[in-house]
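*Asks:* Sharing a structure with you now.
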Amino acid sequence: MPAMSDAELLRHLAWQVQAGADEAIGETPVDRYAARPPAARPAPAPAPEPVRAEAPAQPAPAIATAPIAPQPASPPTAAAPAPAPAALRPAAQPLAAQSTIAADARDRAEAAQSLDELRASVEAFDGCPLKQTATNTVFADGNPKAKVMFIGEAPGEEEDRRGLPFVGVSGQLLDRMAQYVGLDRSSFYITNVLFWRPPGNRAPTQVEVAACLPFLRRHIELVGPRLLVFVGGSAASALLGRTEGIGKLRGRWMTYESPGLAQPASALATYHPAYLLRSPAQKREAWRDLLLLKAKMATLN
Ligand code: URA
């Protein structure tokens, strides 16, 4: 590779950080292109995964397309783009392996009789490849005895660093939204569909969701909330098995049932705060959702 100026190097570094390669894992840099014979070099990588940019008007399946973070920008020079960092690309898994992993996740999740056991079980589970690139397992926050449980999509950078859900910028907005209806983390419980951060905040794949879903379902059973709030399309479609976009699913009460729940929970989907930060005009709709939540909370005994 021809020598680059400091300014060019900085631009490339900034691009990598934006794309999610934001943790140093060695003391010294390694030029993996130099280490490989030319014949073994990979063809240019395909375009990056669809990004998380929740688009309510699009009815596409939400697990694959309900996006919430800005797309990593292209490298800011005219030079040929480097292949996407391997950690950003989800590894392909044969179908048989996927079903073995899902069965293992189900067995482990069903065996958990308490939240502590479930947390330990999630932490010991190696079936979701995201665990390898994450810094922390992000299990939950808030009051597990609360009547209201929020479920988001996946940890972002700050959540990965701190091991807690919704503690970054979008989490701050979610906390403010919850305050409008008189809730804070002592009166709600919160978790995500995925326990580990997708590199570069890309959208979760269906394989990743399938690996984590049995734990999430058991999580809900062990908490036993009266009300569930699906924060964004991923949570709504994963738990309801629906393919409509969040724009269609939000704004009305639905029912979530599970054999381990003493009674079905009422479930409401709303826009993800990361989407609201980028599309403030939709805050009006989110506000309507919050009013629905407030009215329903008033009916609980
Ligand atoms: N977005 C989510 O869906 N979950 C988090 O924990 C943070 C951001």
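As shown in the structure tokens, the chain order sets the letters A, B, ...; within each chain, residues go from 1, and ligands are also counted from 1 in the order they appear.
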Please find the residues contacting ligand 1 at a distance of at most 10 Å between atoms, with only C-alpha atoms and all ligand atoms counted, and report them as number ranges by chain.

*Replies:* A: 67-69, 138-141, 150-160, 163-172, 174, 190-197, 201, 230-235, 272-275

*Asks:* Let's see if you can do this: from backbone DSSP, list all alpha helix (DSSP H) residues in segment 172-244 of chain A, as a VMD selection string.

*Replies:* chain A and resid 172 to 180 206 to 223 233 to 240

*Asks:* Would you list the contacts of Leu130 of chain A as a ChimeraX atom specification, taking every protein, DNA or RNA residue within 12 Å and counting only C-alpha atoms, but skipping same-chain residues closer than 3 positions in sequence?

*Replies:* /A:87-91,125-127,133-138,154-155,160,194-205,207-209,211-212

*Asks:* Please save N, CA and C atoms of the selected residues as a CSV table (one decimal), in the first residue's frame.

*Replies:*
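Okay, result.csv is ready:
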```csv
chain,number,residue,atom,x,y,z
A,87,ALA,N,-15.1,-8.2,11.4
A,87,ALA,CA,-16.0,-8.3,12.6
A,87,ALA,C,-17.3,-7.7,12.3
A,88,LEU,N,-17.4,-6.8,11.3
A,88,LEU,CA,-18.7,-6.2,11.0
A,88,LEU,C,-19.6,-7.1,10.2
A,89,ARG,N,-19.0,-8.2,9.6
A,89,ARG,CA,-19.8,-9.0,8.7
A,89,ARG,C,-20.3,-10.2,9.6
A,90,PRO,N,-21.6,-10.5,9.6
A,90,PRO,CA,-22.1,-11.7,10.3
A,90,PRO,C,-21.5,-12.9,9.7
A,91,ALA,N,-21.0,-13.9,10.5
A,91,ALA,CA,-20.5,-15.1,9.9
A,91,ALA,C,-21.7,-16.0,9.5
A,125,PHE,N,-23.4,-18.7,27.7
A,125,PHE,CA,-23.9,-19.2,26.4
A,125,PHE,C,-23.0,-18.7,25.3
A,126,ASP,N,-22.5,-19.6,24.4
A,126,ASP,CA,-21.5,-19.1,23.4
A,126,ASP,C,-22.2,-19.3,22.0
A,127,GLY,N,-23.5,-19.4,21.9
A,127,GLY,CA,-24.1,-19.7,20.6
A,127,GLY,C,-24.4,-18.5,19.8
A,133,THR,N,-17.3,-10.5,19.8
A,133,THR,CA,-16.8,-9.1,19.6
A,133,THR,C,-17.2,-8.1,20.6
A,134,ALA,N,-18.1,-8.5,21.5
A,134,ALA,CA,-18.6,-7.6,22.5
A,134,ALA,C,-17.7,-7.5,23.7
A,135,THR,N,-17.7,-6.3,24.3
A,135,THR,CA,-16.9,-6.1,25.5
A,135,THR,C,-17.7,-6.7,26.7
A,136,ASN,N,-18.9,-6.5,26.8
A,136,ASN,CA,-19.7,-7.0,28.0
A,136,ASN,C,-21.0,-7.6,27.5
A,137,THR,N,-21.5,-8.5,28.3
A,137,THR,CA,-22.9,-9.0,28.2
A,137,THR,C,-23.8,-7.9,28.8
A,138,VAL,N,-24.8,-7.5,28.0
A,138,VAL,CA,-25.8,-6.5,28.6
A,138,VAL,C,-27.1,-7.2,28.9
A,154,ALA,N,-30.7,-3.9,20.7
A,154,ALA,CA,-29.4,-4.4,21.0
A,154,ALA,C,-28.6,-3.3,21.6
A,155,PRO,N,-27.6,-3.7,22.4
A,155,PRO,CA,-26.7,-2.7,23.0
A,155,PRO,C,-25.9,-1.9,21.9
A,160,ASP,N,-22.4,-1.4,25.5
A,160,ASP,CA,-21.4,-2.5,25.5
A,160,ASP,C,-20.2,-2.1,26.5
A,194,LEU,N,-31.2,-8.6,22.0
A,194,LEU,CA,-29.8,-9.1,22.0
A,194,LEU,C,-29.0,-8.7,23.2
A,195,PHE,N,-28.2,-9.6,23.7
A,195,PHE,CA,-27.4,-9.3,24.9
A,195,PHE,C,-26.0,-8.8,24.5
A,196,TRP,N,-25.7,-8.8,23.2
A,196,TRP,CA,-24.4,-8.3,22.9
A,196,TRP,C,-24.5,-7.3,21.7
A,197,ARG,N,-23.5,-6.4,21.7
A,197,ARG,CA,-23.6,-5.3,20.6
A,197,ARG,C,-23.2,-5.9,19.3
A,198,PRO,N,-24.0,-5.6,18.2
A,198,PRO,CA,-23.6,-5.9,16.9
A,198,PRO,C,-22.5,-4.9,16.5
A,199,PRO,N,-21.4,-5.4,15.9
A,199,PRO,CA,-20.3,-4.4,15.6
A,199,PRO,C,-20.8,-3.3,14.7
A,200,GLY,N,-20.4,-2.1,15.0
A,200,GLY,CA,-20.8,-1.0,14.2
A,200,GLY,C,-22.2,-0.6,14.3
A,201,ASN,N,-22.9,-1.2,15.3
A,201,ASN,CA,-24.4,-1.0,15.5
A,201,ASN,C,-25.2,-1.4,14.2
A,202,ARG,N,-24.7,-2.4,13.5
A,202,ARG,CA,-25.5,-2.9,12.4
A,202,ARG,C,-26.7,-3.5,12.9
A,203,ALA,N,-27.7,-3.7,12.0
A,203,ALA,CA,-28.9,-4.4,12.4
A,203,ALA,C,-28.6,-5.8,12.8
A,204,PRO,N,-29.4,-6.3,13.8
A,204,PRO,CA,-29.2,-7.8,14.1
A,204,PRO,C,-29.6,-8.7,13.0
A,205,THR,N,-28.9,-9.8,12.8
A,205,THR,CA,-29.4,-10.8,11.8
A,205,THR,C,-30.4,-11.7,12.5
A,207,VAL,N,-30.3,-14.8,12.6
A,207,VAL,CA,-29.6,-15.9,13.3
A,207,VAL,C,-29.3,-15.4,14.7
A,208,GLU,N,-28.9,-14.2,14.8
A,208,GLU,CA,-28.5,-13.6,16.2
A,208,GLU,C,-29.8,-13.5,17.0
A,209,VAL,N,-30.9,-13.0,16.4
A,209,VAL,CA,-32.1,-12.9,17.1
A,209,VAL,C,-32.6,-14.3,17.6
A,211,ALA,N,-30.9,-16.9,18.2
A,211,ALA,CA,-30.1,-17.5,19.3
A,211,ALA,C,-30.4,-16.9,20.6
A,212,CYS,N,-30.8,-15.6,20.6
A,212,CYS,CA,-31.1,-14.9,21.9
A,212,CYS,C,-32.6,-15.0,22.3
```

*Asks:* Once DSSP has gone over the backbone, tell me which residues of segment 146-287 of chain A are in strand (DSSP E or B), as a PDB file with N, CA and C atoms, in the first residue's frame.

*Replies:*
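File written: out_27.pdb
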```pdb
ATOM      1  N   VAL A 148     -43.942  -2.695  34.501  1.00  0.00           N
ATOM      2  CA  VAL A 148     -43.696  -2.297  33.107  1.00  0.00           C
ATOM      3  C   VAL A 148     -42.288  -2.741  32.700  1.00  0.00           C
ATOM      4  N   MET A 149     -42.206  -3.416  31.559  1.00  0.00           N
ATOM      5  CA  MET A 149     -40.903  -3.892  31.054  1.00  0.00           C
ATOM      6  C   MET A 149     -40.703  -3.347  29.645  1.00  0.00           C
ATOM      7  N   PHE A 150     -39.603  -2.646  29.440  1.00  0.00           N
ATOM      8  CA  PHE A 150     -39.246  -2.134  28.114  1.00  0.00           C
ATOM      9  C   PHE A 150     -38.274  -3.115  27.456  1.00  0.00           C
ATOM     10  N   ILE A 151     -38.439  -3.304  26.160  1.00  0.00           N
ATOM     11  CA  ILE A 151     -37.517  -4.195  25.427  1.00  0.00           C
ATOM     12  C   ILE A 151     -37.028  -3.486  24.168  1.00  0.00           C
ATOM     13  N   GLY A 152     -35.728  -3.239  24.123  1.00  0.00           N
ATOM     14  CA  GLY A 152     -35.132  -2.588  22.966  1.00  0.00           C
ATOM     15  C   GLY A 152     -34.529  -3.601  22.007  1.00  0.00           C
ATOM     16  N   PHE A 188     -39.440   0.817  36.301  1.00  0.00           N
ATOM     17  CA  PHE A 188     -39.559  -0.046  35.122  1.00  0.00           C
ATOM     18  C   PHE A 188     -38.331  -0.929  35.029  1.00  0.00           C
ATOM     19  N   TYR A 189     -38.460  -1.968  34.221  1.00  0.00           N
ATOM     20  CA  TYR A 189     -37.371  -2.909  33.988  1.00  0.00           C
ATOM     21  C   TYR A 189     -37.054  -2.837  32.504  1.00  0.00           C
ATOM     22  N   ILE A 190     -35.805  -3.037  32.125  1.00  0.00           N
ATOM     23  CA  ILE A 190     -35.457  -2.846  30.711  1.00  0.00           C
ATOM     24  C   ILE A 190     -34.383  -3.827  30.253  1.00  0.00           C
ATOM     25  N   THR A 191     -34.591  -4.342  29.053  1.00  0.00           N
ATOM     26  CA  THR A 191     -33.605  -5.246  28.458  1.00  0.00           C
ATOM     27  C   THR A 191     -33.658  -5.076  26.940  1.00  0.00           C
ATOM     28  N   ASN A 192     -32.952  -5.929  26.230  1.00  0.00           N
ATOM     29  CA  ASN A 192     -32.910  -5.876  24.767  1.00  0.00           C
ATOM     30  C   ASN A 192     -33.178  -7.259  24.188  1.00  0.00           C
ATOM     31  N   LEU A 227     -47.266  -4.999  31.735  1.00  0.00           N
ATOM     32  CA  LEU A 227     -47.205  -4.261  30.470  1.00  0.00           C
ATOM     33  C   LEU A 227     -45.824  -4.406  29.847  1.00  0.00           C
ATOM     34  N   LEU A 228     -45.827  -4.655  28.548  1.00  0.00           N
ATOM     35  CA  LEU A 228     -44.567  -4.741  27.801  1.00  0.00           C
ATOM     36  C   LEU A 228     -44.523  -3.579  26.813  1.00  0.00           C
ATOM     37  N   VAL A 229     -43.403  -2.910  26.735  1.00  0.00           N
ATOM     38  CA  VAL A 229     -43.253  -1.854  25.722  1.00  0.00           C
ATOM     39  C   VAL A 229     -42.113  -2.263  24.799  1.00  0.00           C
ATOM     40  N   PHE A 230     -42.451  -2.506  23.549  1.00  0.00           N
ATOM     41  CA  PHE A 230     -41.443  -2.878  22.554  1.00  0.00           C
ATOM     42  C   PHE A 230     -40.869  -1.594  21.974  1.00  0.00           C
ATOM     43  N   VAL A 231     -39.616  -1.363  22.241  1.00  0.00           N
ATOM     44  CA  VAL A 231     -38.991  -0.116  21.822  1.00  0.00           C
ATOM     45  C   VAL A 231     -38.331  -0.345  20.457  1.00  0.00           C
ATOM     46  N   TRP A 253     -52.684  -1.432  21.651  1.00  0.00           N
ATOM     47  CA  TRP A 253     -52.348  -2.513  22.580  1.00  0.00           C
ATOM     48  C   TRP A 253     -52.540  -3.871  21.925  1.00  0.00           C
ATOM     49  N   MET A 254     -51.592  -4.731  22.166  1.00  0.00           N
ATOM     50  CA  MET A 254     -51.679  -6.115  21.684  1.00  0.00           C
ATOM     51  C   MET A 254     -51.491  -7.024  22.912  1.00  0.00           C
ATOM     52  N   THR A 255     -51.570  -8.309  22.688  1.00  0.00           N
ATOM     53  CA  THR A 255     -51.430  -9.226  23.828  1.00  0.00           C
ATOM     54  C   THR A 255     -50.213 -10.117  23.612  1.00  0.00           C
ATOM     55  N   TYR A 256     -49.412 -10.238  24.652  1.00  0.00           N
ATOM     56  CA  TYR A 256     -48.267 -11.151  24.585  1.00  0.00           C
ATOM     57  C   TYR A 256     -48.532 -12.303  25.556  1.00  0.00           C
ATOM     58  N   ALA A 265     -49.516 -10.523  29.087  1.00  0.00           N
ATOM     59  CA  ALA A 265     -49.140  -9.117  29.280  1.00  0.00           C
ATOM     60  C   ALA A 265     -49.734  -8.302  28.131  1.00  0.00           C
ATOM     61  N   SER A 266     -50.118  -7.067  28.423  1.00  0.00           N
ATOM     62  CA  SER A 266     -50.517  -6.156  27.347  1.00  0.00           C
ATOM     63  C   SER A 266     -49.241  -5.575  26.748  1.00  0.00           C
ATOM     64  N   ALA A 267     -49.197  -5.513  25.442  1.00  0.00           N
ATOM     65  CA  ALA A 267     -47.952  -5.099  24.774  1.00  0.00           C
ATOM     66  C   ALA A 267     -48.201  -3.928  23.830  1.00  0.00           C
ATOM     67  N   LEU A 268     -47.319  -2.968  23.908  1.00  0.00           N
ATOM     68  CA  LEU A 268     -47.423  -1.761  23.076  1.00  0.00           C
ATOM     69  C   LEU A 268     -46.077  -1.556  22.385  1.00  0.00           C
ATOM     70  N   ALA A 269     -46.107  -1.325  21.083  1.00  0.00           N
ATOM     71  CA  ALA A 269     -44.857  -1.028  20.368  1.00  0.00           C
ATOM     72  C   ALA A 269     -44.782   0.477  20.117  1.00  0.00           C
ATOM     73  N   THR A 270     -43.572   1.003  20.173  1.00  0.00           N
ATOM     74  CA  THR A 270     -43.396   2.419  19.856  1.00  0.00           C
ATOM     75  C   THR A 270     -42.077   2.620  19.122  1.00  0.00           C
TER      76      THR A 270
END
```

*Asks:* Please identify all polymer residues within 12 Å of Gly182 of chain A, counting only C-alpha atoms, omitting same-chain residues fewer than 3 positions from it, and present them as a list in words.

*Replies:*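 Everything that qualifies: Val148, Asp175, Arg176, Met177, Ala178, Gln179, Arg185, Ser186, Ser187, Phe188, Leu290, Leu291, Leu293, Lys294, Ala295, Met297 and Ala298 of chain A.
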
*Asks:* Which residue, A:Arg161, A:Lys147, A:Pro214, A:Pro29, has the smallest gap to Leu183 of chain A when you use only C-alpha atoms?

*Replies:*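 Closest to Leu183 of chain A, using only C-alpha atoms: A:Lys147.
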
*Asks:* Need to verify the contact set: Leu222 of chain A, 10 Å, only C-alpha atoms, exclusion of same-chain residues closer than 5 positions in sequence. Can you return it as an mmCIF file with all heavy atoms, in the first residue's frame?

*Replies:*
```cif
data_model
loop_
_atom_site.group_PDB
_atom_site.id
_atom_site.type_symbol
_atom_site.label_atom_id
_atom_site.label_comp_id
_atom_site.auth_asym_id
_atom_site.auth_seq_id
_atom_site.Cartn_x
_atom_site.Cartn_y
_atom_site.Cartn_z
ATOM 1 N N ALA A 112 -33.603 -22.097 33.617
ATOM 2 C CA ALA A 112 -33.378 -20.998 34.572
ATOM 3 C C ALA A 112 -34.642 -20.751 35.395
ATOM 4 O O ALA A 112 -35.716 -20.541 34.844
ATOM 5 C CB ALA A 112 -32.979 -19.732 33.818
ATOM 6 N N GLN A 113 -34.479 -20.765 36.709
ATOM 7 C CA GLN A 113 -35.639 -20.588 37.602
ATOM 8 C C GLN A 113 -35.649 -19.221 38.278
ATOM 9 O O GLN A 113 -36.537 -18.920 39.062
ATOM 10 C CB GLN A 113 -35.630 -21.682 38.684
ATOM 11 C CG GLN A 113 -35.766 -23.085 38.128
ATOM 12 C CD GLN A 113 -37.029 -23.257 37.264
ATOM 13 O OE1 GLN A 113 -38.113 -22.820 37.654
ATOM 14 N NE2 GLN A 113 -36.881 -23.848 36.084
ATOM 15 N N SER A 114 -34.643 -18.424 38.008
ATOM 16 C CA SER A 114 -34.603 -17.079 38.593
ATOM 17 C C SER A 114 -33.843 -16.182 37.626
ATOM 18 O O SER A 114 -33.149 -16.667 36.711
ATOM 19 C CB SER A 114 -33.864 -17.103 39.936
ATOM 20 O OG SER A 114 -32.494 -17.397 39.688
ATOM 21 N N LEU A 115 -33.949 -14.891 37.851
ATOM 22 C CA LEU A 115 -33.218 -13.962 36.967
ATOM 23 C C LEU A 115 -31.716 -14.140 37.110
ATOM 24 O O LEU A 115 -30.973 -14.018 36.131
ATOM 25 C CB LEU A 115 -33.627 -12.516 37.282
ATOM 26 C CG LEU A 115 -35.019 -12.129 36.788
ATOM 27 C CD1 LEU A 115 -35.389 -10.729 37.260
ATOM 28 C CD2 LEU A 115 -35.089 -12.199 35.258
ATOM 29 N N LEU A 118 -30.822 -17.029 35.072
ATOM 30 C CA LEU A 118 -30.913 -16.706 33.637
ATOM 31 C C LEU A 118 -29.710 -15.870 33.199
ATOM 32 O O LEU A 118 -29.113 -16.117 32.150
ATOM 33 C CB LEU A 118 -32.212 -15.951 33.332
ATOM 34 C CG LEU A 118 -32.458 -15.737 31.844
ATOM 35 C CD1 LEU A 118 -32.816 -17.041 31.141
ATOM 36 C CD2 LEU A 118 -33.566 -14.709 31.602
ATOM 37 N N PRO A 144 -36.703 -5.384 38.638
ATOM 38 C CA PRO A 144 -37.303 -6.618 38.108
ATOM 39 C C PRO A 144 -38.695 -6.901 38.671
ATOM 40 O O PRO A 144 -39.391 -7.791 38.184
ATOM 41 C CB PRO A 144 -36.305 -7.705 38.519
ATOM 42 C CG PRO A 144 -35.467 -7.110 39.591
ATOM 43 C CD PRO A 144 -35.510 -5.615 39.456
ATOM 44 N N LYS A 145 -39.088 -6.139 39.706
ATOM 45 C CA LYS A 145 -40.453 -6.335 40.249
ATOM 46 C C LYS A 145 -41.444 -5.354 39.620
ATOM 47 O O LYS A 145 -42.622 -5.341 39.966
ATOM 48 C CB LYS A 145 -40.435 -6.127 41.762
ATOM 49 C CG LYS A 145 -39.605 -7.155 42.507
ATOM 50 C CD LYS A 145 -39.973 -7.122 43.988
ATOM 51 C CE LYS A 145 -39.511 -8.336 44.752
ATOM 52 N NZ LYS A 145 -38.152 -8.723 44.585
ATOM 53 N N LEU A 216 -34.795 -14.307 25.919
ATOM 54 C CA LEU A 216 -35.667 -13.144 26.092
ATOM 55 C C LEU A 216 -37.060 -13.595 26.546
ATOM 56 O O LEU A 216 -37.651 -13.006 27.461
ATOM 57 C CB LEU A 216 -35.747 -12.345 24.782
ATOM 58 C CG LEU A 216 -36.712 -11.166 24.809
ATOM 59 C CD1 LEU A 216 -36.316 -10.139 25.875
ATOM 60 C CD2 LEU A 216 -36.782 -10.485 23.434
ATOM 61 N N ARG A 217 -37.558 -14.636 25.920
ATOM 62 C CA ARG A 217 -38.903 -15.114 26.306
ATOM 63 C C ARG A 217 -38.914 -15.555 27.773
ATOM 64 O O ARG A 217 -39.852 -15.272 28.518
ATOM 65 C CB ARG A 217 -39.333 -16.282 25.404
ATOM 66 C CG ARG A 217 -39.630 -15.846 23.983
ATOM 67 C CD ARG A 217 -40.398 -16.950 23.256
ATOM 68 N NE ARG A 217 -40.635 -16.623 21.868
ATOM 69 C CZ ARG A 217 -41.551 -15.765 21.432
ATOM 70 N NH1 ARG A 217 -42.317 -15.133 22.307
ATOM 71 N NH2 ARG A 217 -41.698 -15.519 20.149
ATOM 72 N N GLY A 260 -45.265 -19.634 30.538
ATOM 73 C CA GLY A 260 -44.747 -19.395 31.893
ATOM 74 C C GLY A 260 -45.240 -18.106 32.520
ATOM 75 O O GLY A 260 -44.808 -17.754 33.613
ATOM 76 N N LEU A 261 -46.136 -17.401 31.865
ATOM 77 C CA LEU A 261 -46.670 -16.158 32.450
ATOM 78 C C LEU A 261 -47.974 -16.463 33.169
ATOM 79 O O LEU A 261 -48.851 -17.135 32.597
ATOM 80 C CB LEU A 261 -46.958 -15.127 31.354
ATOM 81 C CG LEU A 261 -45.796 -14.277 30.831
ATOM 82 C CD1 LEU A 261 -46.282 -13.368 29.707
ATOM 83 C CD2 LEU A 261 -45.149 -13.468 31.940
#
```
